[in-house]
>>> print(open('input38.cif').read())   # mmCIF, C-alpha atoms
data_work
loop_
_atom_site.label_atom_id
_atom_site.label_comp_id
_atom_site.auth_asym_id
_atom_site.auth_seq_id
_atom_site.Cartn_x
_atom_site.Cartn_y
_atom_site.Cartn_z
CA MET A 537 -68.71 -35.42 -18.74
CA GLN A 538 -65.10 -34.31 -18.68
CA ASP A 539 -62.67 -35.10 -21.47
CA THR A 540 -59.91 -37.25 -19.90
CA ASP A 541 -57.27 -35.71 -22.18
CA ALA A 542 -58.10 -32.17 -21.07
CA PRO A 543 -55.87 -30.82 -18.30
CA LEU A 544 -57.48 -30.85 -14.87
CA HIS A 545 -55.51 -28.15 -13.05
CA ARG A 546 -56.08 -27.40 -9.37
CA LEU A 547 -53.64 -24.51 -8.86
CA ALA A 548 -52.85 -21.37 -10.84
CA LEU A 549 -50.14 -18.74 -10.33
CA LYS A 550 -50.74 -15.29 -11.80
CA THR A 551 -49.29 -11.86 -12.25
CA ASN A 552 -51.35 -8.77 -13.07
CA LEU A 553 -49.63 -7.27 -16.11
CA LEU A 554 -51.29 -3.87 -15.55
CA TYR A 555 -49.83 -3.56 -12.04
CA ASP A 556 -46.49 -4.89 -13.24
CA ALA A 557 -46.39 -2.14 -15.89
CA LEU A 558 -46.88 0.43 -13.09
CA LEU A 559 -43.85 -1.08 -11.30
CA MET A 560 -46.05 -2.56 -8.58
CA PRO A 561 -45.23 -6.28 -8.79
CA SER A 562 -48.16 -8.59 -8.15
CA LEU A 563 -48.48 -12.29 -7.42
CA GLU A 564 -51.65 -14.34 -7.07
CA ALA A 565 -52.38 -17.95 -6.27
CA GLU A 566 -55.76 -19.50 -7.05
CA TYR A 567 -56.88 -22.96 -5.95
CA ARG A 568 -59.85 -24.70 -7.52
CA ILE A 569 -61.97 -26.32 -4.81
CA SER A 570 -64.51 -27.82 -7.23
CA ARG A 571 -65.55 -27.41 -10.84
CA GLN A 572 -67.37 -24.15 -10.07
CA TRP A 573 -65.65 -22.77 -6.94
CA SER A 574 -62.16 -21.43 -6.33
CA VAL A 575 -60.29 -19.29 -3.81
CA ASN A 576 -57.75 -16.65 -4.78
CA LEU A 577 -55.10 -14.79 -2.77
CA GLU A 578 -53.58 -11.68 -4.32
CA GLY A 579 -50.62 -9.62 -3.14
CA ASP A 580 -49.17 -6.42 -4.60
CA MET A 581 -46.23 -4.33 -3.46
CA ALA A 582 -44.45 -1.16 -4.52
CA TRP A 583 -41.73 0.37 -2.39
CA TRP A 584 -40.18 3.31 -4.17
CA LYS A 585 -38.54 6.31 -2.63
CA ASN A 586 -36.49 9.26 -3.80
CA ASN A 587 -34.41 10.58 -0.90
CA SER A 588 -33.41 13.85 -2.60
CA ARG A 589 -36.94 15.27 -2.27
CA HIS A 590 -38.59 12.72 0.07
CA LYS A 591 -40.83 11.40 -2.69
CA TYR A 592 -42.38 8.13 -1.54
CA TYR A 593 -44.68 5.64 -3.19
CA GLN A 594 -45.00 2.75 -0.79
CA LEU A 595 -47.96 0.39 -1.02
CA ALA A 596 -48.60 -3.20 0.01
CA THR A 597 -51.93 -5.00 -0.47
CA VAL A 598 -53.26 -8.44 0.46
CA SER A 599 -56.66 -9.49 -0.91
CA PRO A 600 -58.38 -12.91 -0.57
CA GLU A 601 -61.31 -13.72 -2.85
CA GLY A 602 -63.87 -16.49 -3.29
CA ARG A 603 -65.05 -17.12 -6.86
CA TYR A 604 -67.98 -18.84 -8.53
CA TRP A 605 -67.30 -20.00 -12.09
CA PHE A 606 -70.26 -20.21 -14.44
CA LYS A 607 -70.78 -23.53 -16.20
CA THR A 608 -68.29 -23.92 -19.01
CA GLN A 609 -67.01 -26.80 -21.09
CA LYS A 610 -63.62 -26.71 -19.33
CA PRO A 611 -62.53 -25.55 -15.88
CA TRP A 612 -60.53 -22.29 -15.67
CA HIS A 613 -62.21 -20.95 -18.80
CA GLY A 614 -65.06 -18.49 -19.02
CA HIS A 615 -66.86 -16.10 -16.69
CA TYR A 616 -66.70 -15.81 -12.90
CA VAL A 617 -68.04 -13.60 -10.12
CA GLY A 618 -66.32 -13.18 -6.79
CA LEU A 619 -66.44 -11.65 -3.33
CA PHE A 620 -63.21 -10.08 -2.08
CA GLY A 621 -61.82 -8.32 0.93
CA GLY A 622 -58.46 -6.78 1.47
CA PHE A 623 -56.04 -4.79 3.55
CA SER A 624 -53.48 -2.21 2.40
CA TRP A 625 -50.66 -0.22 3.95
CA TYR A 626 -49.46 2.92 2.20
CA ASP A 627 -47.20 5.97 2.40
CA LEU A 628 -47.70 8.32 -0.53
CA GLU A 629 -45.77 11.57 -0.82
CA ASN A 630 -45.13 13.95 -3.70
CA GLY A 631 -42.42 16.06 -2.03
CA LYS A 632 -44.94 18.63 -0.73
CA ARG A 633 -47.48 16.60 1.24
CA GLY A 634 -47.64 13.02 2.47
CA TYR A 635 -50.36 10.54 3.38
CA LYS A 636 -49.61 7.49 5.50
CA GLY A 637 -52.23 4.97 6.57
CA GLU A 638 -54.07 1.71 6.25
CA ALA A 639 -57.13 0.77 4.21
CA VAL A 640 -59.72 -2.01 4.37
CA THR A 641 -61.66 -3.02 1.24
CA ALA A 642 -64.60 -5.27 0.38
CA GLY A 643 -66.44 -5.77 -2.88
CA ILE A 644 -67.56 -7.90 -5.79
CA SER A 645 -65.62 -8.84 -8.89
CA TYR A 646 -66.33 -10.06 -12.39
CA GLY A 647 -63.85 -11.60 -14.77
CA TYR A 648 -63.21 -13.80 -17.75
CA MET A 649 -60.37 -16.24 -18.33
CA PHE A 650 -59.41 -17.57 -21.75
CA PRO A 651 -56.68 -20.04 -22.72
CA ILE A 652 -53.62 -19.21 -24.80
CA GLY A 653 -51.93 -22.61 -24.36
CA ARG A 654 -52.20 -25.92 -22.53
CA ASN A 655 -51.01 -24.42 -19.23
CA LEU A 656 -51.32 -20.68 -19.91
CA SER A 657 -54.30 -18.35 -19.86
CA LEU A 658 -55.09 -14.66 -19.81
CA GLU A 659 -57.55 -13.25 -17.30
CA ALA A 660 -59.36 -9.92 -17.49
CA GLY A 661 -61.36 -8.63 -14.54
CA VAL A 662 -62.72 -5.69 -12.60
CA GLY A 663 -63.76 -5.25 -8.97
CA VAL A 664 -65.99 -2.63 -7.37
CA GLY A 665 -66.73 -2.07 -3.73
CA MET A 666 -66.05 0.02 -0.67
CA MET A 667 -62.80 1.15 0.88
CA PHE A 668 -62.37 2.67 4.32
CA THR A 669 -59.09 4.30 5.25
CA GLU A 670 -57.65 6.24 8.16
CA TYR A 671 -54.50 8.18 7.37
CA GLU A 672 -52.12 10.79 8.71
CA GLU A 673 -51.29 13.86 6.66
CA TYR A 674 -47.74 15.18 7.02
CA LEU A 675 -45.39 17.72 5.51
CA PRO A 676 -41.79 16.82 4.68
CA ASP A 677 -39.52 19.60 5.97
CA LYS A 678 -35.68 19.57 6.01
CA GLY A 679 -35.35 15.82 6.52
CA CYS A 680 -38.20 15.64 9.04
CA TYR A 681 -41.85 14.75 8.72
CA VAL A 682 -44.21 17.21 10.39
CA TYR A 683 -47.53 15.66 11.42
CA GLU A 684 -50.56 17.77 10.48
CA GLN A 685 -53.73 15.77 11.13
CA THR A 686 -55.44 12.39 11.06
CA ARG A 687 -58.33 11.90 8.63
CA GLN A 688 -60.75 9.20 7.57
CA MET A 689 -62.25 8.53 4.16
CA THR A 690 -64.85 6.12 2.80
CA TYR A 691 -64.84 5.48 -0.94
CA PHE A 692 -67.22 3.50 -3.16
CA GLY A 693 -66.24 2.65 -6.73
CA PRO A 694 -63.69 0.67 -8.76
CA LEU A 695 -61.05 -1.05 -6.63
CA LYS A 696 -59.47 -3.63 -8.95
CA LEU A 697 -58.49 -3.77 -12.59
CA LYS A 698 -56.85 -6.89 -13.92
CA PHE A 699 -55.23 -8.22 -17.05
CA ALA A 700 -53.25 -11.18 -15.76
CA LEU A 701 -50.99 -13.85 -17.17
CA VAL A 702 -52.06 -17.19 -15.62
CA TRP A 703 -49.91 -20.31 -15.32
CA ARG A 704 -52.04 -23.34 -14.46
CA LEU A 705 -50.26 -26.05 -12.45
CA TRP A 706 -50.88 -29.46 -10.95
CA ASP A 707 -52.47 -31.31 -13.90
CA LEU A 708 -54.25 -34.32 -12.34
CA ASN A 709 -54.71 -36.04 -15.73
CA ARG A 710 -51.01 -36.07 -16.60
CA LYS A 711 -49.37 -39.46 -16.45
CA GLY A 712 -47.15 -39.81 -13.42
CA GLY A 713 -49.06 -37.02 -11.64
CA CYS A 714 -51.27 -37.32 -8.57
CA ARG A 715 -52.59 -40.77 -7.77
#
>>> encode(input="input38.cif", output="structure tokens")
Amino acid sequence: MQDTDAPLHRLALKTNLLYDALLMPSLEAEYRISRQWSVNLEGDMAWWKNNSRHKYYQLATVSPEGRYWFKTQKPWHGHYVGLFGGFSWYDLENGKRGYKGEAVTAGISYGYMFPIGRNLSLEAGVGVGMMFTEYEEYLPDKGCYVYEQTRQMTYFGPLKLKFALVWRLWDLNRKGGCR
């Protein structure tokens, strides 16, 4: 039985503090479908460049995820497992060699969320899976980009690392809220 004074949040907005520290801003939205199921949509983006030496770090990622929450006393607290997929665009260059391409990912995740306030939580998580990418290698030369070759790579291992600040919204038990 649920405590009627406990917040019953349906929506959460998040930011991954680890990605934010790497200057790759992230934003996530998670919607609770039922007590034990939720869906999450994550987006990350970094768009740096240094024109003096053509140094680029451009990356954009979109990743939906379905999550199963293990039985806990309160929703949005405790352990979860998830299945995720994703798509990324990137252009990475160090001034000597560049790699531009797209990647597709799929995997499983595990995480834990714990409260730090009535509407705030912290979430820690990790995801492992497979990534397939096709990319072009190029050389920056006197303001031009010289194509070298197209390659493919398949990778299996860690794909996500999360320590997120979570803001839970849409409290159904609050007076004057949803009816």
>>> resolve_selection(input="input38.cif", expression="the PyMOL selection byres ((chain A and resi 645) around 6)", output="count of residues only")
6
>>> closest_residue(input="input38.cif", among="A:Glu601, A:Asp627, A:Asp580, A:Glu564", to="Glu659 in chain A", atoms="all atoms listed in the file")
A:Glu564
>>> closest_residue(input="input38.cif", among="A:Met581, A:Ala565, A:Val682, A:Met666", to="Gly602 in chain A", atoms="only C-alpha atoms")
A:Ala565
>>> resolve_selection(input="input38.cif", expression="the PyMOL selection byres ((chain A and resi 638) around 6)", output="list in words")
Ser624, Trp625, Gly637, Ala639 and Thr669 of chain A
>>> residues_around(input="input38.cif", residues="range 675-678 of chain A", least_positions_apart="4", cutoff="8 Å", atoms="only C-alpha atoms", output="PyMOL selection string")
chain A and resi 590+631-634+682-684
>>> closest_residue(input="input38.cif", among="A:Leu595, A:Leu554, A:Val664, A:Leu697", to="Phe620 in chain A", atoms="only C-alpha atoms")
A:Val664
>>> atom_distance(input="input38.cif", atom1="CA of Arg546 in chain A", atom2="CA of Val575 in chain A")
10.7 Å
>>> resolve_selection(input="input38.cif", expression="the PyMOL selection byres ((chain A and resi 572) around 10)", output="short mmCIF file (atom, residue, chain, number, x, y, z; two decimals) with C-alpha atoms, keeping the file's coordinate frame")
data_model
loop_
_atom_site.label_atom_id
_atom_site.label_comp_id
_atom_site.auth_asym_id
_atom_site.auth_seq_id
_atom_site.Cartn_x
_atom_site.Cartn_y
_atom_site.Cartn_z
CA ARG A 568 -59.85 -24.70 -7.52
CA ILE A 569 -61.97 -26.32 -4.81
CA SER A 570 -64.51 -27.82 -7.23
CA ARG A 571 -65.55 -27.41 -10.84
CA TRP A 573 -65.65 -22.77 -6.94
CA SER A 574 -62.16 -21.43 -6.33
CA ARG A 603 -65.05 -17.12 -6.86
CA TYR A 604 -67.98 -18.84 -8.53
CA TRP A 605 -67.30 -20.00 -12.09
CA PHE A 606 -70.26 -20.21 -14.44
CA LYS A 607 -70.78 -23.53 -16.20
CA THR A 608 -68.29 -23.92 -19.01
CA PRO A 611 -62.53 -25.55 -15.88
CA TRP A 612 -60.53 -22.29 -15.67
CA TYR A 616 -66.70 -15.81 -12.90
#
>>> atom_distance(input="input38.cif", atom1="CA of Tyr648 in chain A", atom2="CA of Tyr626 in chain A")
29.4 Å
>>> residues_around(input="input38.cif", residues="Gly579 in chain A", least_positions_apart="5", cutoff="9 Å", atoms="all atoms listed in the file", output="PyMOL selection string")
chain A and resi 561-564+596-600
>>> closest_residue(input="input38.cif", among="A:Leu559, A:Glu673, A:Arg654, A:Gly647", to="Gln685 in chain A", atoms="all atoms listed in the file")
A:Glu673
>>> closest_residue(input="input38.cif", among="A:Leu628, A:Leu619, A:Met560, A:Leu701", to="Ser657 in chain A", atoms="all atoms listed in the file")
A:Leu701
>>> atom_distance(input="input38.cif", atom1="CA of Met649 in chain A", atom2="CA of His615 in chain A")
6.7 Å
>>> closest_residue(input="input38.cif", among="A:Leu547, A:Ala557, A:Val702, A:Val640", to="Met689 in chain A", atoms="only C-alpha atoms")
A:Val640
>>> decode(input="input38.cif", residues="range 538-594 of chain A", atoms="C-alpha atoms", output="PDB file, in the first residue's frame")
ATOM      1  CA  GLN A 538       1.306   3.430  -0.894  1.00  0.00           C
ATOM      2  CA  ASP A 539       1.673   6.209   1.646  1.00  0.00           C
ATOM      3  CA  THR A 540      -0.649   9.022   0.484  1.00  0.00           C
ATOM      4  CA  ASP A 541       1.758  11.683   1.786  1.00  0.00           C
ATOM      5  CA  ALA A 542       4.657  10.333  -0.262  1.00  0.00           C
ATOM      6  CA  PRO A 543       5.195  12.101  -3.586  1.00  0.00           C
ATOM      7  CA  LEU A 544       3.917  10.165  -6.592  1.00  0.00           C
ATOM      8  CA  HIS A 545       6.013  11.607  -9.411  1.00  0.00           C
ATOM      9  CA  ARG A 546       5.473  10.577 -13.030  1.00  0.00           C
ATOM     10  CA  LEU A 547       8.212  12.592 -14.752  1.00  0.00           C
ATOM     11  CA  ALA A 548      11.880  13.211 -13.992  1.00  0.00           C
ATOM     12  CA  LEU A 549      14.403  15.521 -15.658  1.00  0.00           C
ATOM     13  CA  LYS A 550      18.084  14.666 -15.292  1.00  0.00           C
ATOM     14  CA  THR A 551      21.581  15.744 -16.151  1.00  0.00           C
ATOM     15  CA  ASN A 552      24.594  13.428 -16.081  1.00  0.00           C
ATOM     16  CA  LEU A 553      27.134  15.256 -13.932  1.00  0.00           C
ATOM     17  CA  LEU A 554      30.028  13.160 -15.308  1.00  0.00           C
ATOM     18  CA  TYR A 555      29.279  14.202 -18.902  1.00  0.00           C
ATOM     19  CA  ASP A 556      28.685  17.789 -17.803  1.00  0.00           C
ATOM     20  CA  ALA A 557      32.150  17.827 -16.194  1.00  0.00           C
ATOM     21  CA  LEU A 558      33.615  16.752 -19.569  1.00  0.00           C
ATOM     22  CA  LEU A 559      31.843  19.749 -21.182  1.00  0.00           C
ATOM     23  CA  MET A 560      29.388  17.468 -22.969  1.00  0.00           C
ATOM     24  CA  PRO A 561      26.014  18.739 -21.702  1.00  0.00           C
ATOM     25  CA  SER A 562      23.397  16.054 -21.189  1.00  0.00           C
ATOM     26  CA  LEU A 563      19.655  16.107 -20.662  1.00  0.00           C
ATOM     27  CA  GLU A 564      17.358  13.182 -19.913  1.00  0.00           C
ATOM     28  CA  ALA A 565      13.635  12.807 -19.425  1.00  0.00           C
ATOM     29  CA  GLU A 566      12.167   9.728 -17.752  1.00  0.00           C
ATOM     30  CA  TYR A 567       8.463   8.919 -17.543  1.00  0.00           C
ATOM     31  CA  ARG A 568       7.107   6.349 -15.119  1.00  0.00           C
ATOM     32  CA  ILE A 569       4.521   4.167 -16.863  1.00  0.00           C
ATOM     33  CA  SER A 570       3.706   2.087 -13.772  1.00  0.00           C
ATOM     34  CA  ARG A 571       5.197   1.377 -10.372  1.00  0.00           C
ATOM     35  CA  GLN A 572       7.868  -0.885 -11.889  1.00  0.00           C
ATOM     36  CA  TRP A 573       8.269   0.329 -15.494  1.00  0.00           C
ATOM     37  CA  SER A 574       9.615   3.560 -16.959  1.00  0.00           C
ATOM     38  CA  VAL A 575      10.949   4.901 -20.253  1.00  0.00           C
ATOM     39  CA  ASN A 576      13.944   7.195 -20.518  1.00  0.00           C
ATOM     40  CA  LEU A 577      15.251   9.391 -23.348  1.00  0.00           C
ATOM     41  CA  GLU A 578      18.805  10.682 -23.077  1.00  0.00           C
ATOM     42  CA  GLY A 579      20.594  13.235 -25.239  1.00  0.00           C
ATOM     43  CA  ASP A 580      24.203  14.440 -25.067  1.00  0.00           C
ATOM     44  CA  MET A 581      26.017  16.982 -27.199  1.00  0.00           C
ATOM     45  CA  ALA A 582      29.496  18.472 -27.444  1.00  0.00           C
ATOM     46  CA  TRP A 583      30.451  20.765 -30.292  1.00  0.00           C
ATOM     47  CA  TRP A 584      33.926  22.133 -29.760  1.00  0.00           C
ATOM     48  CA  LYS A 585      36.379  23.240 -32.369  1.00  0.00           C
ATOM     49  CA  ASN A 586      39.697  25.038 -32.482  1.00  0.00           C
ATOM     50  CA  ASN A 587      40.155  26.639 -35.899  1.00  0.00           C
ATOM     51  CA  SER A 588      43.863  27.415 -35.468  1.00  0.00           C
ATOM     52  CA  ARG A 589      44.811  23.726 -35.760  1.00  0.00           C
ATOM     53  CA  HIS A 590      41.518  22.154 -36.923  1.00  0.00           C
ATOM     54  CA  LYS A 591      41.001  20.378 -33.613  1.00  0.00           C
ATOM     55  CA  TYR A 592      37.426  19.121 -33.453  1.00  0.00           C
ATOM     56  CA  TYR A 593      35.439  17.311 -30.811  1.00  0.00           C
ATOM     57  CA  GLN A 594      31.904  17.089 -32.106  1.00  0.00           C
TER      58      GLN A 594
END
